[in-house]
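Take a look at the structure below.
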Amino acid sequence: PFFTSCGQNNKNNGNTSFEEKAVSSPTSKKDAEQFYDNGYRAFHDNDFKKAIELYKKAIAIDQNYTDAYDNCGLSYRRLGILDSAEVYYKKSISINPKLMIAHADLAIVYTDKGDFAAALNEYNEIKKYNPNDPEAYYGAADTYFSMGNIDKALENSLKALELYKTTNQQYVGDAEFYIGLAYYKKQEKQKAKIYMLQAIQHGKQVPANYI
């Protein structure tokens, strides 16, 4: 089958982007797989309504097909229908609570709805099952910034940086920027400058107002 698309926080501009991840629970039913693959094609043609229709057909054949639930939720998100996206992500999680993709995507839905406490709960679920996932800490930091809890944002940004250094070097600059931003908001501008400069050195485009 094709790959499933997972919503991620786009670290470069703060918006939601979409990153392909390997399927997490391939179906053994060929008809369901075919509907899923066709749904994938429709999604990447930006025909999200058609994608939803096809993913639902895959689910009707295999009611435990979590990849189809996840991508159906993602398609609803692209249409801005957040309540329906939430339903499908929750269904995926009910089938397999350890699905990190579904927890991360549901966290983004909650963030978009302004329910930051619920978003944090999803990031904490990721930490519980996979404590070395830097995205959980980065996402939590982003949420804490939205809540105005700078100390918690800093704590999670520091942990994200630690983990990115060992797992995903390309995002080191993003974590450094968040650390710098936290120190900036705490009026600790010398520390902020150190991390902002490091972020720039690692390819992060720091907004001109902070420079």
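Starting from 1 in every chain, residues are counted up; chains themselves are A, B, ... following the order of the structure tokens, and ligands are numbered from 1 as listed.
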
Residues within 10 Å of Tyr88 in chain A, please, as a JSON list (two decimals) with C-alpha atoms, in the first residue's frame. Count only C-alpha atoms; anything in the same chain fewer than 2 positions from it doesn't count.
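Done, and the output landed in result30.json:
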[["chain", "number", "residue", "atom", "x", "y", "z"],
["A", 66, "THR", "CA", -6.29, 2.46, 11.64],
["A", 68, "ALA", "CA", -7.67, 4.59, 6.95],
["A", 69, "TYR", "CA", -9.10, 6.22, 10.09],
["A", 70, "ASP", "CA", -6.00, 8.41, 10.42],
["A", 71, "ASN", "CA", -6.09, 9.56, 6.81],
["A", 72, "CYS", "CA", -9.82, 10.13, 6.95],
["A", 73, "GLY", "CA", -9.21, 12.38, 9.94],
["A", 74, "LEU", "CA", -6.45, 14.15, 8.04],
["A", 76, "TYR", "CA", -11.38, 16.25, 7.37],
["A", 83, "ASP", "CA", -15.10, 17.74, 14.90],
["A", 84, "SER", "CA", -15.18, 14.94, 12.32],
["A", 85, "ALA", "CA", -11.38, 14.74, 12.28],
["A", 86, "GLU", "CA", -11.46, 14.34, 16.06],
["A", 90, "LYS", "CA", -10.24, 8.93, 18.52],
["A", 91, "LYS", "CA", -11.50, 5.81, 16.77],
["A", 92, "SER", "CA", -7.99, 5.00, 15.59],
["A", 93, "ILE", "CA", -6.67, 5.44, 19.13],
["A", 94, "SER", "CA", -9.44, 3.26, 20.57],
["A", 102, "ALA", "CA", -3.08, 9.51, 15.77],
["A", 106, "LEU", "CA", -5.42, 14.71, 17.50]]

Could you give me, as number ranges by chain, each residue of chain A that DSSP assigns to alpha helix (DSSP H) when run on this structure's backbone?
A: 30-44, 48-61, 66-78, 82-95, 100-112, 116-129, 134-147, 150-167, 172-185, 189-201

What gap, in Å, lies between CA of Tyr40 in chain A and CA of Asp67 in chain A?
10.7 Å

Please list as a ChimeraX atom specification every residue within 10 Å of range 182-189 of chain A, counting only C-alpha atoms and excluding residues in the same chain fewer than 4 positions away.
/A:141,145,148-155,157,176-178,193-196,210

Write to file, as an mmCIF file, in the first residue's frame, the residues of the selection just made, with N, CA, C and O atoms.
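Result file follows (selection.cif):
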data_model
loop_
_atom_site.group_PDB
_atom_site.id
_atom_site.type_symbol
_atom_site.label_atom_id
_atom_site.label_comp_id
_atom_site.auth_asym_id
_atom_site.auth_seq_id
_atom_site.Cartn_x
_atom_site.Cartn_y
_atom_site.Cartn_z
ATOM 1 N N ALA A 141 5.817 22.021 23.916
ATOM 2 C CA ALA A 141 6.386 23.364 24.065
ATOM 3 C C ALA A 141 5.559 24.381 23.295
ATOM 4 O O ALA A 141 5.243 25.468 23.806
ATOM 5 N N PHE A 145 3.536 27.556 24.916
ATOM 6 C CA PHE A 145 3.672 28.940 24.459
ATOM 7 C C PHE A 145 2.293 29.550 24.227
ATOM 8 O O PHE A 145 2.033 30.698 24.596
ATOM 9 N N GLY A 148 0.799 30.559 27.355
ATOM 10 C CA GLY A 148 1.516 31.570 28.110
ATOM 11 C C GLY A 148 2.317 31.030 29.269
ATOM 12 O O GLY A 148 2.779 31.796 30.131
ATOM 13 N N ASN A 149 2.521 29.702 29.306
ATOM 14 C CA ASN A 149 3.310 29.078 30.368
ATOM 15 C C ASN A 149 4.744 28.927 29.846
ATOM 16 O O ASN A 149 5.124 27.885 29.300
ATOM 17 N N ILE A 150 5.538 29.966 30.019
ATOM 18 C CA ILE A 150 6.866 30.016 29.410
ATOM 19 C C ILE A 150 7.831 29.033 30.073
ATOM 20 O O ILE A 150 8.682 28.436 29.406
ATOM 21 N N ASP A 151 7.715 28.855 31.382
ATOM 22 C CA ASP A 151 8.616 27.921 32.063
ATOM 23 C C ASP A 151 8.444 26.500 31.531
ATOM 24 O O ASP A 151 9.423 25.781 31.286
ATOM 25 N N LYS A 152 7.196 26.083 31.341
ATOM 26 C CA LYS A 152 6.935 24.748 30.806
ATOM 27 C C LYS A 152 7.343 24.657 29.332
ATOM 28 O O LYS A 152 7.812 23.616 28.866
ATOM 29 N N ALA A 153 7.162 25.753 28.610
ATOM 30 C CA ALA A 153 7.600 25.774 27.213
ATOM 31 C C ALA A 153 9.109 25.594 27.137
ATOM 32 O O ALA A 153 9.618 24.840 26.293
ATOM 33 N N LEU A 154 9.826 26.254 28.020
ATOM 34 C CA LEU A 154 11.285 26.136 28.054
ATOM 35 C C LEU A 154 11.707 24.721 28.428
ATOM 36 O O LEU A 154 12.592 24.128 27.782
ATOM 37 N N GLU A 155 11.075 24.170 29.438
ATOM 38 C CA GLU A 155 11.404 22.810 29.891
ATOM 39 C C GLU A 155 11.247 21.797 28.751
ATOM 40 O O GLU A 155 12.130 20.951 28.529
ATOM 41 N N SER A 157 11.114 22.470 25.486
ATOM 42 C CA SER A 157 12.014 22.809 24.382
ATOM 43 C C SER A 157 13.411 22.263 24.636
ATOM 44 O O SER A 157 14.071 21.754 23.714
ATOM 45 N N GLU A 176 16.253 24.999 19.259
ATOM 46 C CA GLU A 176 17.077 26.094 19.780
ATOM 47 C C GLU A 176 16.331 27.424 19.682
ATOM 48 O O GLU A 176 16.424 28.254 20.591
ATOM 49 N N PHE A 177 15.603 27.620 18.603
ATOM 50 C CA PHE A 177 14.812 28.850 18.480
ATOM 51 C C PHE A 177 13.767 28.941 19.590
ATOM 52 O O PHE A 177 13.572 30.000 20.196
ATOM 53 N N TYR A 178 13.089 27.835 19.868
ATOM 54 C CA TYR A 178 12.077 27.854 20.925
ATOM 55 C C TYR A 178 12.707 28.132 22.295
ATOM 56 O O TYR A 178 12.130 28.834 23.127
ATOM 57 N N LYS A 193 19.960 35.234 23.202
ATOM 58 C CA LYS A 193 20.858 35.513 22.078
ATOM 59 C C LYS A 193 21.692 34.287 21.727
ATOM 60 O O LYS A 193 21.864 33.956 20.543
ATOM 61 N N ILE A 194 22.187 33.597 22.734
ATOM 62 C CA ILE A 194 23.010 32.409 22.490
ATOM 63 C C ILE A 194 22.237 31.375 21.679
ATOM 64 O O ILE A 194 22.729 30.854 20.663
ATOM 65 N N TYR A 195 21.015 31.080 22.096
ATOM 66 C CA TYR A 195 20.240 30.037 21.419
ATOM 67 C C TYR A 195 19.719 30.508 20.062
ATOM 68 O O TYR A 195 19.636 29.717 19.120
ATOM 69 N N MET A 196 19.369 31.787 19.967
ATOM 70 C CA MET A 196 18.923 32.303 18.672
ATOM 71 C C MET A 196 20.050 32.204 17.638
ATOM 72 O O MET A 196 19.824 31.812 16.485
ATOM 73 N N TYR A 210 13.049 39.499 16.322
ATOM 74 C CA TYR A 210 13.888 38.938 17.384
ATOM 75 C C TYR A 210 15.349 39.262 17.140
ATOM 76 O O TYR A 210 16.119 39.502 18.080
#

So, counting only C-alpha atoms, which residue among A:Ala32, A:Ala51, A:Leu181, A:Ala140 is closest to Ala104 in chain A?
A:Ala140

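The residue set within 10 Å of Lys29 in chain A, counting only C-alpha atoms and dropping same-chain residues fewer than 2 places from it, reads A:Pro26, A:Thr27, A:Asp31, A:Ala32, A:Glu33, A:Gln34, A:Ala58, A:Ile61, A:Asp62, A:Tyr65.
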
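Picture a line from CA of Ser146 in chain A to CA of Pro207 in chain A; it runs 17.7 Å.
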
Atom-to-atom span, CA of Phe116 in chain A and CA of Tyr137 in chain A, Å:
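Those two atoms sit 14.2 Å apart.
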
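Distance check against Leu120 in chain A using only C-alpha atoms: of A:Tyr144, A:Asp105, A:Asn209, A:Leu161, the minimum falls on A:Tyr144.
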
Nearest residue to Gln205 in chain A from the set A:Lys50, A:Tyr123, A:Lys159, A:Asp174 (distances using only C-alpha atoms)
A:Asp174
